[in-house]
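Data file: model39.cif. Format and content: mmCIF, C-alpha atoms.
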data_work
loop_
_atom_site.label_atom_id
_atom_site.label_comp_id
_atom_site.auth_asym_id
_atom_site.auth_seq_id
_atom_site.Cartn_x
_atom_site.Cartn_y
_atom_site.Cartn_z
CA MET A 1 124.72 -27.37 232.83
CA LYS A 2 124.38 -23.60 233.04
CA PRO A 3 120.85 -22.30 233.55
CA ILE A 4 119.11 -20.59 230.62
CA PRO A 5 119.15 -16.78 230.86
CA LYS A 6 115.97 -15.42 232.37
CA HIS A 7 114.77 -13.59 229.24
CA LEU A 8 114.98 -16.83 227.22
CA ARG A 9 113.18 -19.06 229.72
CA PRO A 10 109.66 -20.18 228.77
CA ARG A 11 106.84 -18.09 230.25
CA TYR A 12 104.10 -20.03 231.93
CA ARG A 13 100.52 -19.51 233.05
CA TYR A 14 98.84 -21.53 235.79
CA ILE A 15 95.21 -22.55 235.34
CA VAL A 16 93.17 -23.44 238.42
CA VAL A 17 90.35 -25.87 237.64
CA SER A 18 87.59 -27.08 239.88
CA LEU A 19 86.57 -30.70 239.29
CA GLU A 20 83.31 -32.48 239.98
CA SER A 21 82.17 -36.04 239.47
CA TRP A 22 79.81 -38.60 240.99
CA SER A 23 80.46 -39.23 244.66
CA ASN A 24 81.87 -42.77 244.14
CA SER A 25 84.45 -41.69 241.52
CA ILE A 26 88.08 -42.35 242.34
CA ILE A 27 90.40 -40.16 240.31
CA ASP A 28 94.11 -39.85 240.95
CA LYS A 29 96.70 -37.37 239.73
CA THR A 30 98.20 -39.67 237.07
CA SER A 31 94.86 -40.53 235.47
CA PHE A 32 93.76 -36.88 235.36
CA GLN A 33 97.10 -35.85 233.85
CA GLN A 34 96.76 -38.55 231.19
CA SER A 35 93.18 -37.51 230.42
CA ILE A 36 94.05 -33.87 229.77
CA TRP A 37 97.06 -34.88 227.68
CA ALA A 38 94.90 -37.27 225.65
CA SER A 39 92.22 -34.62 225.23
CA VAL A 40 94.63 -31.98 223.92
CA ASN A 41 96.33 -34.59 221.74
CA ARG A 42 93.02 -35.66 220.16
CA LEU A 43 92.03 -32.05 219.50
CA PHE A 44 95.33 -30.51 218.33
CA GLY A 45 97.63 -33.46 217.57
CA ASP A 46 101.23 -33.87 218.67
CA LEU A 47 102.23 -30.37 217.62
CA GLY A 48 99.45 -28.76 219.67
CA SER A 49 100.25 -30.95 222.68
CA ALA A 50 103.90 -29.96 222.54
CA LYS A 51 103.01 -26.28 222.13
CA SER A 52 100.61 -26.19 225.05
CA ASP A 53 102.99 -28.28 227.22
CA LEU A 54 100.36 -29.08 229.86
CA TYR A 55 101.64 -30.24 233.22
CA LEU A 56 99.61 -30.93 236.32
CA ILE A 57 101.29 -29.17 239.24
CA ARG A 58 98.82 -29.76 242.09
CA PHE A 59 95.89 -32.12 242.30
CA GLU A 60 93.44 -33.07 244.97
CA PHE A 61 90.24 -35.06 244.57
CA HIS A 62 88.04 -36.76 247.10
CA ASN A 63 84.33 -37.23 247.79
CA GLY A 64 83.44 -36.32 244.20
CA THR A 65 85.08 -32.88 244.12
CA GLY A 66 88.57 -31.63 243.66
CA TYR A 67 90.85 -29.10 242.07
CA GLY A 68 93.95 -29.01 239.94
CA ILE A 69 96.58 -26.46 239.01
CA ILE A 70 97.68 -26.95 235.40
CA ARG A 71 100.74 -25.28 233.95
CA THR A 72 100.80 -24.20 230.31
CA ARG A 73 102.90 -22.00 228.03
CA ARG A 74 101.77 -18.37 228.11
CA ASP A 75 101.37 -18.14 224.33
CA SER A 76 99.29 -21.37 224.15
CA LEU A 77 96.69 -20.53 226.74
CA HIS A 78 93.83 -20.76 224.21
CA LEU A 79 94.90 -24.30 223.22
CA ALA A 80 95.08 -25.36 226.85
CA ARG A 81 91.72 -23.85 227.70
CA SER A 82 89.82 -25.58 224.89
CA GLY A 83 91.71 -28.84 225.45
CA ILE A 84 90.79 -28.86 229.14
CA ALA A 85 87.15 -28.04 228.31
CA CYS A 86 87.05 -31.10 226.02
CA THR A 87 88.06 -33.48 228.83
CA SER A 88 84.75 -35.19 229.48
CA SER A 89 85.77 -38.26 231.47
CA VAL A 90 88.65 -39.63 233.55
CA ASN A 91 89.03 -43.39 234.09
CA GLY A 92 85.51 -43.81 232.71
CA HIS A 93 84.05 -41.39 235.27
CA PRO A 94 82.31 -38.36 233.74
CA ILE A 95 83.86 -35.17 234.98
CA GLY A 96 82.75 -31.54 235.17
CA ILE A 97 85.54 -29.00 234.80
CA LEU A 98 85.34 -25.29 235.56
CA VAL A 99 88.26 -22.92 235.09
CA LEU A 100 88.32 -20.82 238.26
CA GLY A 101 91.15 -18.55 237.27
CA ILE A 102 94.44 -18.10 235.47
CA SER A 103 97.52 -16.69 237.10
CA GLY A 104 101.20 -16.04 236.49
CA THR A 105 102.51 -17.75 239.61
CA ILE A 106 101.53 -20.83 241.63
CA LYS A 107 101.49 -18.77 244.80
CA SER A 108 98.91 -16.28 243.52
CA CYS A 109 96.80 -19.19 242.18
CA GLU A 110 96.69 -20.71 245.62
CA GLN A 111 95.90 -17.42 247.30
CA LYS A 112 93.14 -16.34 244.92
CA TYR A 113 91.37 -19.30 243.39
CA LEU A 114 91.60 -22.58 245.34
CA PRO A 115 88.09 -23.92 246.04
CA VAL A 116 86.87 -25.37 249.32
CA LEU A 117 86.45 -29.13 248.99
CA LYS A 118 83.69 -31.19 250.54
CA LYS A 119 84.74 -32.37 253.97
CA SER A 120 82.41 -35.32 254.33
CA LEU A 121 79.47 -36.94 252.59
CA VAL A 122 76.24 -38.08 254.18
CA THR A 123 74.81 -41.36 252.88
CA GLY A 124 71.20 -42.35 253.37
CA GLU A 125 67.89 -43.27 251.78
CA VAL A 126 65.74 -40.76 249.90
CA THR A 127 62.37 -40.90 248.17
CA PHE A 128 62.68 -39.74 244.59
CA GLU A 129 59.83 -39.96 242.04
CA GLY A 130 57.87 -42.15 244.46
CA ASN A 131 60.59 -44.78 245.01
CA SER A 132 63.22 -45.20 247.68
CA TYR A 133 66.89 -45.04 246.62
CA SER A 134 70.26 -44.79 248.32
CA SER A 135 71.89 -41.41 248.03
CA THR A 136 74.97 -39.42 248.91
CA SER A 137 74.50 -35.81 249.88
CA TYR A 138 76.64 -32.81 250.68
CA GLY A 139 74.84 -29.64 251.60
CA GLU A 140 71.80 -29.30 249.40
CA LEU A 141 73.25 -31.36 246.53
CA LEU A 142 72.46 -35.06 246.13
CA ASP A 143 73.74 -37.95 244.02
CA ILE A 144 70.94 -40.54 243.86
CA LYS A 145 71.92 -44.09 242.90
CA ILE A 146 69.42 -45.71 240.52
CA ASP A 147 70.33 -49.11 238.97
CA ASN A 148 74.13 -48.66 239.22
CA ASP A 149 73.79 -45.20 237.71
CA PHE A 150 73.67 -41.78 239.33
CA ILE A 151 71.18 -38.96 239.03
CA GLY A 152 72.18 -35.46 240.11
CA ALA A 153 69.52 -33.80 242.26
CA THR A 154 69.05 -31.37 245.11
CA ASN A 155 67.01 -31.37 248.30
CA MET A 156 64.17 -29.71 246.34
CA ASP A 157 63.62 -32.91 244.31
CA ILE A 158 63.17 -35.35 247.17
CA THR A 159 60.26 -35.86 249.49
CA MET B 1 66.97 -3.56 225.78
CA ASP B 2 65.44 -5.60 228.56
CA ALA B 3 67.82 -6.35 231.44
CA LEU B 4 67.11 -10.06 231.09
CA SER B 5 68.09 -10.20 227.45
CA VAL B 6 71.74 -9.35 228.14
CA CYS B 7 72.20 -12.57 230.10
CA MET B 8 73.95 -15.73 228.93
CA PHE B 9 71.72 -18.77 228.72
CA GLU B 10 72.25 -22.48 228.14
CA ALA B 11 69.67 -24.97 226.83
CA VAL B 12 69.78 -28.16 228.89
CA HIS B 13 68.33 -31.67 228.91
CA ILE B 14 66.85 -32.56 232.27
CA PHE B 15 65.80 -35.80 234.01
CA PRO B 16 64.47 -38.26 232.74
CA VAL B 17 66.14 -37.56 229.35
CA GLY B 18 69.26 -36.26 231.07
CA LYS B 19 71.03 -37.41 234.21
CA SER B 20 70.39 -34.34 236.35
CA THR B 21 67.23 -32.77 237.62
CA LEU B 22 66.33 -29.20 236.76
CA SER B 23 67.33 -27.88 240.18
CA ARG B 24 70.78 -29.53 240.01
CA MET B 25 71.31 -28.12 236.52
CA ALA B 26 70.28 -24.69 237.77
CA ALA B 27 72.66 -24.93 240.76
CA THR B 28 75.62 -25.89 238.57
CA ALA B 29 74.80 -23.41 235.76
CA SER B 30 74.59 -20.60 238.30
CA ASN B 31 77.99 -21.64 239.68
CA TYR B 32 79.47 -21.76 236.15
CA GLY B 33 78.48 -18.16 235.40
CA PHE B 34 75.31 -18.57 233.36
CA ASN B 35 72.49 -16.14 234.06
CA GLY B 36 69.77 -18.52 232.99
CA ILE B 37 68.86 -21.90 231.58
CA VAL B 38 66.23 -23.08 229.12
CA THR B 39 64.96 -26.63 229.50
CA ARG B 40 64.55 -28.73 226.39
CA LYS B 41 61.75 -30.66 228.08
CA PHE B 42 58.54 -28.84 228.89
CA VAL B 43 57.85 -28.22 232.58
CA GLY B 44 54.21 -27.22 232.91
CA GLU B 45 52.60 -25.00 235.53
CA HIS B 46 50.98 -28.02 237.17
CA SER B 47 54.26 -29.92 237.47
CA ASP B 48 55.85 -30.75 240.84
CA ILE B 49 58.84 -28.63 239.86
CA SER B 50 58.48 -24.98 240.77
CA LEU B 51 60.50 -22.87 238.35
CA LYS B 52 60.08 -19.79 240.51
CA LYS B 53 61.39 -21.53 243.62
CA ILE B 54 64.41 -22.86 241.72
CA SER B 55 65.09 -19.39 240.28
CA GLU B 56 64.99 -17.78 243.71
CA THR B 57 67.08 -20.47 245.42
CA PHE B 58 69.93 -20.57 242.91
CA GLN B 59 69.75 -16.96 241.65
CA ILE B 60 69.25 -17.99 238.04
CA THR B 61 66.48 -17.45 235.49
CA VAL B 62 64.77 -20.66 234.37
CA PHE B 63 62.59 -20.93 231.27
CA SER B 64 60.65 -24.00 230.32
CA GLY B 65 61.34 -24.63 226.65
CA MET B 66 60.28 -27.54 224.51
CA GLU B 67 62.17 -29.58 221.95
CA ILE B 68 59.94 -31.56 219.59
CA LYS B 69 61.34 -34.65 217.91
CA SER B 70 59.55 -36.46 215.12
CA GLU B 71 60.45 -37.73 211.68
CA LYS B 72 56.95 -37.10 210.31
CA ILE B 73 56.47 -33.55 209.09
CA SER B 74 52.68 -33.72 209.50
CA ALA B 75 53.15 -34.63 213.18
CA LEU B 76 55.63 -31.79 213.65
CA SER B 77 53.19 -29.32 212.19
CA GLY B 78 50.53 -30.39 214.70
CA HIS B 79 53.00 -30.19 217.60
CA ILE B 80 54.03 -26.64 216.64
CA ASN B 81 50.44 -25.41 216.49
CA GLY B 82 49.51 -27.20 219.70
CA ASN B 83 52.46 -26.01 221.78
CA ARG B 84 53.28 -22.54 220.48
CA PHE B 85 51.34 -20.72 223.18
CA LYS B 86 52.49 -23.01 226.00
CA THR B 87 56.22 -22.36 225.98
CA PRO B 88 58.49 -19.34 225.47
CA VAL B 89 61.11 -21.35 223.55
CA LEU B 90 59.84 -23.83 220.96
CA CYS B 91 62.48 -25.96 219.24
CA ILE B 92 62.47 -28.75 216.68
CA HIS B 93 65.05 -31.53 216.74
CA GLY B 94 66.36 -31.47 213.16
CA GLY B 95 68.81 -33.76 211.44
CA ASP B 96 66.93 -35.04 208.44
CA PRO B 97 67.30 -32.51 205.55
CA SER B 98 63.52 -32.49 204.94
CA VAL B 99 62.86 -31.76 208.64
CA ASN B 100 65.52 -29.01 208.57
CA LEU B 101 63.87 -27.41 205.54
CA PHE B 102 60.40 -27.72 207.07
CA ALA B 103 61.57 -26.18 210.37
CA SER B 104 63.28 -23.27 208.62
CA LYS B 105 59.95 -22.34 206.98
CA GLN B 106 57.96 -22.17 210.24
CA LYS B 107 57.28 -18.59 211.32
CA SER B 108 56.01 -19.74 214.72
CA LEU B 109 59.14 -21.77 215.51
CA ASP B 110 62.05 -20.37 217.52
CA VAL B 111 65.00 -22.73 217.14
CA LEU B 112 66.07 -25.51 214.77
CA CYS B 113 68.15 -27.75 217.07
CA HIS B 114 70.74 -30.36 216.03
CA PRO B 115 70.51 -29.60 212.27
CA MET B 116 73.64 -31.68 211.64
CA ASP B 117 72.61 -34.73 213.70
CA SER B 118 72.50 -38.26 212.27
CA GLY B 119 73.71 -37.46 208.77
CA GLY B 120 71.81 -34.18 208.60
CA ASP B 121 72.99 -31.22 206.62
CA ILE B 122 72.06 -27.64 205.85
CA ASN B 123 72.52 -25.56 202.74
CA GLN B 124 71.98 -21.98 201.60
CA VAL B 125 68.27 -22.64 200.93
CA ILE B 126 67.62 -23.66 204.56
CA VAL B 127 69.74 -20.79 205.95
CA LYS B 128 67.95 -18.18 203.79
CA GLU B 129 64.51 -19.56 204.74
CA ALA B 130 65.50 -19.54 208.43
CA MET B 131 66.60 -15.92 208.11
CA ARG B 132 63.37 -14.94 206.35
CA ASN B 133 61.21 -16.61 209.02
CA ASN B 134 63.41 -15.60 211.96
CA VAL B 135 64.15 -19.21 212.99
CA CYS B 136 67.45 -19.55 214.87
CA ILE B 137 69.79 -22.34 213.80
CA GLU B 138 71.57 -24.05 216.67
CA ILE B 139 75.35 -24.38 216.63
CA ASN B 140 75.86 -27.41 218.81
CA PHE B 141 79.27 -28.00 220.45
CA ARG B 142 78.31 -31.43 221.86
CA ASP B 143 80.43 -33.44 219.45
CA ILE B 144 83.48 -31.22 219.84
CA LEU B 145 83.29 -31.41 223.63
CA ARG B 146 82.33 -35.04 224.10
CA GLY B 147 82.79 -36.83 220.78
CA SER B 148 85.73 -38.91 219.64
CA GLY B 149 87.35 -40.38 216.57
CA LYS B 150 86.14 -39.95 213.02
CA ASN B 151 82.65 -38.84 214.09
CA ARG B 152 84.15 -35.89 215.91
CA THR B 153 86.31 -34.97 212.93
CA ARG B 154 83.25 -35.03 210.67
CA SER B 155 81.23 -33.02 213.17
CA ILE B 156 83.86 -30.30 213.43
CA GLY B 157 83.89 -30.06 209.62
CA LYS B 158 80.10 -29.82 209.55
CA ILE B 159 79.96 -27.13 212.23
CA ARG B 160 82.55 -25.09 210.33
CA LYS B 161 80.42 -25.37 207.20
CA GLN B 162 77.32 -24.42 209.17
CA TRP B 163 79.06 -21.36 210.62
CA ASP B 164 80.36 -20.29 207.18
CA LEU B 165 76.81 -20.31 205.79
CA ILE B 166 75.26 -18.60 208.85
CA SER B 167 77.87 -15.85 209.01
CA TYR B 168 77.73 -15.23 205.23
CA TYR B 169 73.95 -14.74 205.17
CA GLY B 170 73.70 -13.20 208.65
CA ALA B 171 71.10 -15.74 209.77
CA PRO B 172 70.01 -15.85 213.44
CA PHE B 173 71.73 -18.52 215.50
CA VAL B 174 72.04 -19.87 219.03
CA VAL B 175 74.98 -21.64 220.65
CA SER B 176 74.77 -24.56 223.06
CA SER B 177 76.92 -27.35 224.47
CA ASP B 178 73.78 -29.52 224.75
CA PRO B 179 74.45 -30.82 228.28
CA ALA B 180 72.51 -33.87 229.48
CA SER B 181 73.91 -33.74 233.01
CA HIS B 182 75.44 -31.11 235.27
CA LEU B 183 78.85 -32.71 234.62
CA GLU B 184 78.55 -31.94 230.91
CA LEU B 185 78.02 -28.21 231.42
CA ARG B 186 80.90 -25.95 230.42
CA SER B 187 81.29 -22.29 231.32
CA PRO B 188 80.66 -19.48 228.80
CA MET B 189 84.40 -18.77 228.61
CA ASP B 190 85.10 -22.41 227.73
CA LEU B 191 82.45 -22.28 225.00
CA ILE B 192 84.08 -19.12 223.63
CA SER B 193 87.43 -20.93 223.43
CA ILE B 194 85.74 -23.84 221.61
CA GLY B 195 83.95 -21.43 219.25
CA GLU B 196 87.26 -19.84 218.31
CA LEU B 197 88.46 -23.23 217.06
CA ILE B 198 85.78 -23.27 214.37
CA GLY B 199 86.28 -19.66 213.30
CA MET B 200 83.73 -17.89 215.51
CA SER B 201 84.78 -14.78 217.40
CA ALA B 202 84.21 -14.40 221.14
CA ALA B 203 81.43 -11.88 220.40
CA ASP B 204 79.68 -14.37 218.11
CA VAL B 205 79.59 -17.12 220.75
CA GLU B 206 78.42 -14.60 223.34
CA GLN B 207 75.67 -13.46 220.98
CA GLY B 208 74.61 -17.09 220.47
CA LEU B 209 74.34 -17.62 224.23
CA LEU B 210 72.46 -14.33 224.73
CA LYS B 211 69.99 -15.22 221.99
CA TRP B 212 68.27 -17.93 224.10
CA GLY B 213 67.37 -15.29 226.67
CA GLU B 214 66.22 -12.81 224.02
CA ILE B 215 63.89 -15.36 222.42
CA ALA B 216 62.42 -16.38 225.78
CA THR B 217 61.91 -12.78 226.96
CA HIS B 218 60.28 -11.74 223.69
CA ASN B 219 57.92 -14.73 223.61
CA LEU B 220 57.06 -14.44 227.28
CA GLU B 221 55.79 -10.90 226.63
CA ILE B 222 53.57 -12.27 223.87
CA LEU B 223 52.34 -15.14 226.07
CA ARG B 224 51.49 -12.67 228.85
CA ASN B 225 49.69 -10.52 226.28
CA GLU B 226 51.98 -7.57 227.04
CA ARG B 227 53.15 -7.11 223.46
CA VAL B 228 50.64 -5.74 220.95
CA SER B 229 52.89 -5.70 217.91
CA SER B 230 56.52 -5.04 217.11
CA GLY B 231 57.65 -2.05 219.23
CA VAL B 232 54.24 -1.63 220.91
CA THR B 233 53.70 -2.94 224.43
CA ARG B 234 50.88 -2.53 226.94
CA GLY B 235 51.48 -0.31 229.96
CA ARG B 236 51.81 3.31 230.99
CA TYR B 237 53.17 5.73 228.41
CA GLY B 238 56.20 7.69 229.60
CA ASP B 239 57.24 8.30 233.20
CA GLU B 240 54.74 9.26 235.84
CA LYS B 241 55.22 12.87 237.03
#
Please express what this file holds, its structure, as structure tokens.
Amino acid sequence: MKPIPKHLRPRYRYIVVSLESWSNSIIDKTSFQQSIWASVNRLFGDLGSAKSDLYLIRFEFHNGTGYGIIRTRRDSLHLARSGIACTSSVNGHPIGILVLGISGTIKSCEQKYLPVLKKSLVTGEVTFEGNSYSSTSYGELLDIKIDNDFIGATNMDIT
Amino acid sequence: MDALSVCMFEAVHIFPVGKSTLSRMAATASNYGFNGIVTRKFVGEHSDISLKKISETFQITVFSGMEIKSEKISALSGHINGNRFKTPVLCIHGGDPSVNLFASKQKSLDVLCHPMDSGGDINQVIVKEAMRNNVCIEINFRDILRGSGKNRTRSIGKIRKQWDLISYYGAPFVVSSDPASHLELRSPMDLISIGELIGMSAADVEQGLLKWGEIATHNLEILRNERVSSGVTRGRYGDEK
């Protein structure tokens, strides 16, 4: 089949998002893609989903942080942005999403906006509110495990 | 205008109500582009948490607000009188129409939070009273961001109605995503995109985020006894020559 002429091809924008979750969360590319599709579908319906045409180009997630590059149609950027903001969990893991930047090409996205991911986590015991709990830390940030649930803290909160 | 009052603020729940401590919230909010946060739980001067240290470490302004929740109006009245001079941002958790109406009539109250919660509703009477008494009504994006199903549909409808009334009468308002953990925070630009879905302009959402800082700055001047009356503050007159 002959390729579509350049002036008729769809114009895209690439959104770089930084992802954050609890340190034990395991999130893969497929589940994140499905979550953002579901989120946009719930908010705007089938028509909005088709208009925004979200597609996850790159994805990396380990040790509770990650990033993704999401492609969307240029004229539906506002739909994509609010749909992505409404993604609150993936695979049952709560997720924090921050749009780092929007670009016209994948190359410029990678050059300008890609975040540095956590290399390794340090596990150990901390004293929080007078009790001892297991924790996972990276830099000054801590995830403290209390009764199968996590509390987000920093080094300032522990003794 | 004070330099602080042009900053975007978010009102947050902190541990033990929320799942993140104040310092973690401050770290994430600073990363997300907020200039300050207001806690919905009071952090006193004698607490273990040092607001000043957190502010300096994460380069973000932190105010200790207070959100009062009670279904009894007589109890609320006592709480307002007892806590007004402790905190720069005093809020009431609304929801019940009688609580919403009561809160809108309180001159010493700053914000009526969650007016649409648990079957709550507002009307033109509440909005006009809030405007007369300078009580801000909170526009809460929690259900749009994290809700689902029919509850979310209803909530979006209610927020639209709330915004129609507020914008028609020009009542003061604040905007918040009501985060209970650092993972629930969303950046100001994301909140603007959500606000546009319910008919708010980008400037409106921005104004709602700025308002938290304006309230806190204004009240802090009163608490420090720097403000004598409207437009009159203590200090040197004019520049020193």
Near-region 84-93 of chain A list (10 Å; all atoms listed in the file; drop same-chain fewer than 5 positions) as a ChimeraX atom specification: /A:15,17,21-22,24-28,31-40,42-43,54,70,78-79,98-99 /B:142-147,183-187,189-191,193-194
Written as a compact mmCIF listing (two decimals) with C-alpha atoms, keeping the file's coordinate frame, what is the full residue list that the PyMOL selection byres ((chain B and resi 105) around 7) yields on the file shown?
# COMPACT_ATOMS: atom_id res chain seq x y z
CA LEU B 101 63.87 -27.41 205.54
CA PHE B 102 60.40 -27.72 207.07
CA ALA B 103 61.57 -26.18 210.37
CA SER B 104 63.28 -23.27 208.62
CA GLN B 106 57.96 -22.17 210.24
CA LYS B 107 57.28 -18.59 211.32
CA GLU B 129 64.51 -19.56 204.74
CA ALA B 130 65.50 -19.54 208.43
CA ASN B 133 61.21 -16.61 209.02
Surrounding residues of Met156 (chain A) excluding itself and chain neighbours under 6 positions, 10 Å, all atoms listed in the file, as a PyMOL selection string: (chain A and resi 140-142) or (chain B and resi 21-24+49-50+53-54+57)
Export of the given selection (C-alpha atoms) as a short mmCIF file (atom, residue, chain, number, x, y, z; two decimals), in the frame of the given file:
data_model
loop_
_atom_site.label_atom_id
_atom_site.label_comp_id
_atom_site.auth_asym_id
_atom_site.auth_seq_id
_atom_site.Cartn_x
_atom_site.Cartn_y
_atom_site.Cartn_z
CA GLU A 140 71.80 -29.30 249.40
CA LEU A 141 73.25 -31.36 246.53
CA LEU A 142 72.46 -35.06 246.13
CA THR B 21 67.23 -32.77 237.62
CA LEU B 22 66.33 -29.20 236.76
CA SER B 23 67.33 -27.88 240.18
CA ARG B 24 70.78 -29.53 240.01
CA ILE B 49 58.84 -28.63 239.86
CA SER B 50 58.48 -24.98 240.77
CA LYS B 53 61.39 -21.53 243.62
CA ILE B 54 64.41 -22.86 241.72
CA THR B 57 67.08 -20.47 245.42
#
Residue with smallest distance to Phe150 (chain A) - pool B:His182, B:Ile215, B:Val127, B:Leu220, counting only C-alpha atoms: B:His182
Contacts of Lys72 (chain B) at 12 Å (only C-alpha atoms; same-chain gap of 3+ positions) as a PyMOL selection string: chain B and resi 68-69+75-79+92-94+96+98-100+102-103
For Ser49 (chain A), the nearest of the candidates A:Pro5, A:Gly66, A:Ser76, A:Ser23, counting all atoms listed in the file: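 Counting all atoms listed in the file, the residue closest to Ser49 (chain A) is A:Ser76.
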Picked residues, the PyMOL selection byres ((chain B and resi 7) around 12), expected as a ChimeraX atom specification: /B:1-6,8-10,30,33-37,60-62,188,206-217
Who sits within 12 Å of Arg154 (chain B), all atoms listed in the file, same chain under 3 positions skipped, as a PyMOL selection string: chain B and resi 116-121+143-144+147-151+157-161
Expected selection from the PyMOL selection byres ((chain A and resi 11) around 6), given as a list of chain:residue names: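 Applying the PyMOL selection byres ((chain A and resi 11) around 6) to the structure shown produces A:Pro10, A:Tyr12, A:Arg73, A:Arg74.
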I need the chosen residues saved as a PDB file, in the coordinates of the input, with C-alpha atoms.
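Here's the written file again_11.pdb:
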ATOM      1  CA  PRO A  10     109.660 -20.180 228.770  1.00  0.00           C
ATOM      2  CA  TYR A  12     104.100 -20.030 231.930  1.00  0.00           C
ATOM      3  CA  ARG A  73     102.900 -22.000 228.030  1.00  0.00           C
ATOM      4  CA  ARG A  74     101.770 -18.370 228.110  1.00  0.00           C
TER       5      ARG A  74
END
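Residues in contact with Leu117 (chain A) at 10 Å, where all atoms listed in the file are counted and same-chain residues fewer than 2 positions away are skipped, are listed as Ser18, Leu19, Glu60, Phe61, His62, Asn63, Gly64, Thr65, Gly66, Tyr67, Leu114, Pro115, Lys119 and Ser120 of chain A.
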B:Asn140, B:Ser70, B:Ser20, B:Asn134 ranked by distance to chain A, top pick (using all atoms listed in the file):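 Counting all atoms listed in the file, the residue closest to chain A is B:Ser20.
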For CA of Tyr138 (chain A) and CA of Val122 (chain A), the interatomic separation in Å (one decimal):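 Here the two named atoms are 6.3 Å from each other.
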Residue nearest chain B among A:Glu20, A:Asp75, A:Glu129, A:Glu110 (counting all atoms listed in the file):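 Smallest distance to chain B is found for A:Glu20.
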Which residue of B:Ile139, B:Ile192, B:Arg132, B:His218 approaches Gly170 (chain B) most closely, using only C-alpha atoms: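 Comparing B:Ile139, B:Ile192, B:Arg132, B:His218 against Gly170 (chain B), the winner is B:Arg132.
The smallest atom-to-atom distance between chain A and any of B:Tyr169, B:Phe141, B:Phe42, B:Phe85, using only C-alpha atoms, is found for B:Phe141.
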Final N, CA and C atoms of region 92-104 of chain A as a PDB file, in the coordinates of the input:
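Once everything was written out, this is selection_23.pdb:
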ATOM      1  N   GLY A  92      86.906 -43.400 232.926  1.00  0.00           N
ATOM      2  CA  GLY A  92      85.510 -43.810 232.710  1.00  0.00           C
ATOM      3  C   GLY A  92      84.509 -43.060 233.569  1.00  0.00           C
ATOM      4  N   HIS A  93      84.967 -42.194 234.463  1.00  0.00           N
ATOM      5  CA  HIS A  93      84.050 -41.390 235.270  1.00  0.00           C
ATOM      6  C   HIS A  93      83.813 -40.060 234.568  1.00  0.00           C
ATOM      7  N   PRO A  94      82.549 -39.688 234.334  1.00  0.00           N
ATOM      8  CA  PRO A  94      82.310 -38.360 233.740  1.00  0.00           C
ATOM      9  C   PRO A  94      82.763 -37.274 234.685  1.00  0.00           C
ATOM     10  N   ILE A  95      83.305 -36.208 234.112  1.00  0.00           N
ATOM     11  CA  ILE A  95      83.860 -35.170 234.980  1.00  0.00           C
ATOM     12  C   ILE A  95      83.433 -33.780 234.510  1.00  0.00           C
ATOM     13  N   GLY A  96      83.080 -32.934 235.459  1.00  0.00           N
ATOM     14  CA  GLY A  96      82.750 -31.540 235.170  1.00  0.00           C
ATOM     15  C   GLY A  96      83.936 -30.674 235.514  1.00  0.00           C
ATOM     16  N   ILE A  97      84.347 -29.826 234.576  1.00  0.00           N
ATOM     17  CA  ILE A  97      85.540 -29.000 234.800  1.00  0.00           C
ATOM     18  C   ILE A  97      85.167 -27.532 234.657  1.00  0.00           C
ATOM     19  N   LEU A  98      85.572 -26.735 235.621  1.00  0.00           N
ATOM     20  CA  LEU A  98      85.340 -25.290 235.560  1.00  0.00           C
ATOM     21  C   LEU A  98      86.659 -24.575 235.818  1.00  0.00           C
ATOM     22  N   VAL A  99      87.032 -23.702 234.891  1.00  0.00           N
ATOM     23  CA  VAL A  99      88.260 -22.920 235.090  1.00  0.00           C
ATOM     24  C   VAL A  99      87.940 -21.796 236.077  1.00  0.00           C
ATOM     25  N   LEU A 100      88.600 -21.830 237.227  1.00  0.00           N
ATOM     26  CA  LEU A 100      88.320 -20.820 238.260  1.00  0.00           C
ATOM     27  C   LEU A 100      89.138 -19.557 238.049  1.00  0.00           C
ATOM     28  N   GLY A 101      90.323 -19.729 237.506  1.00  0.00           N
ATOM     29  CA  GLY A 101      91.150 -18.550 237.270  1.00  0.00           C
ATOM     30  C   GLY A 101      92.476 -18.914 236.648  1.00  0.00           C
ATOM     31  N   ILE A 102      93.133 -17.904 236.108  1.00  0.00           N
ATOM     32  CA  ILE A 102      94.440 -18.100 235.470  1.00  0.00           C
ATOM     33  C   ILE A 102      95.394 -17.095 236.083  1.00  0.00           C
ATOM     34  N   SER A 103      96.596 -17.561 236.396  1.00  0.00           N
ATOM     35  CA  SER A 103      97.520 -16.690 237.100  1.00  0.00           C
ATOM     36  C   SER A 103      98.945 -16.900 236.602  1.00  0.00           C
ATOM     37  N   GLY A 104      99.814 -15.963 236.950  1.00  0.00           N
ATOM     38  CA  GLY A 104     101.200 -16.040 236.490  1.00  0.00           C
ATOM     39  C   GLY A 104     102.113 -16.799 237.422  1.00  0.00           C
TER      40      GLY A 104
END
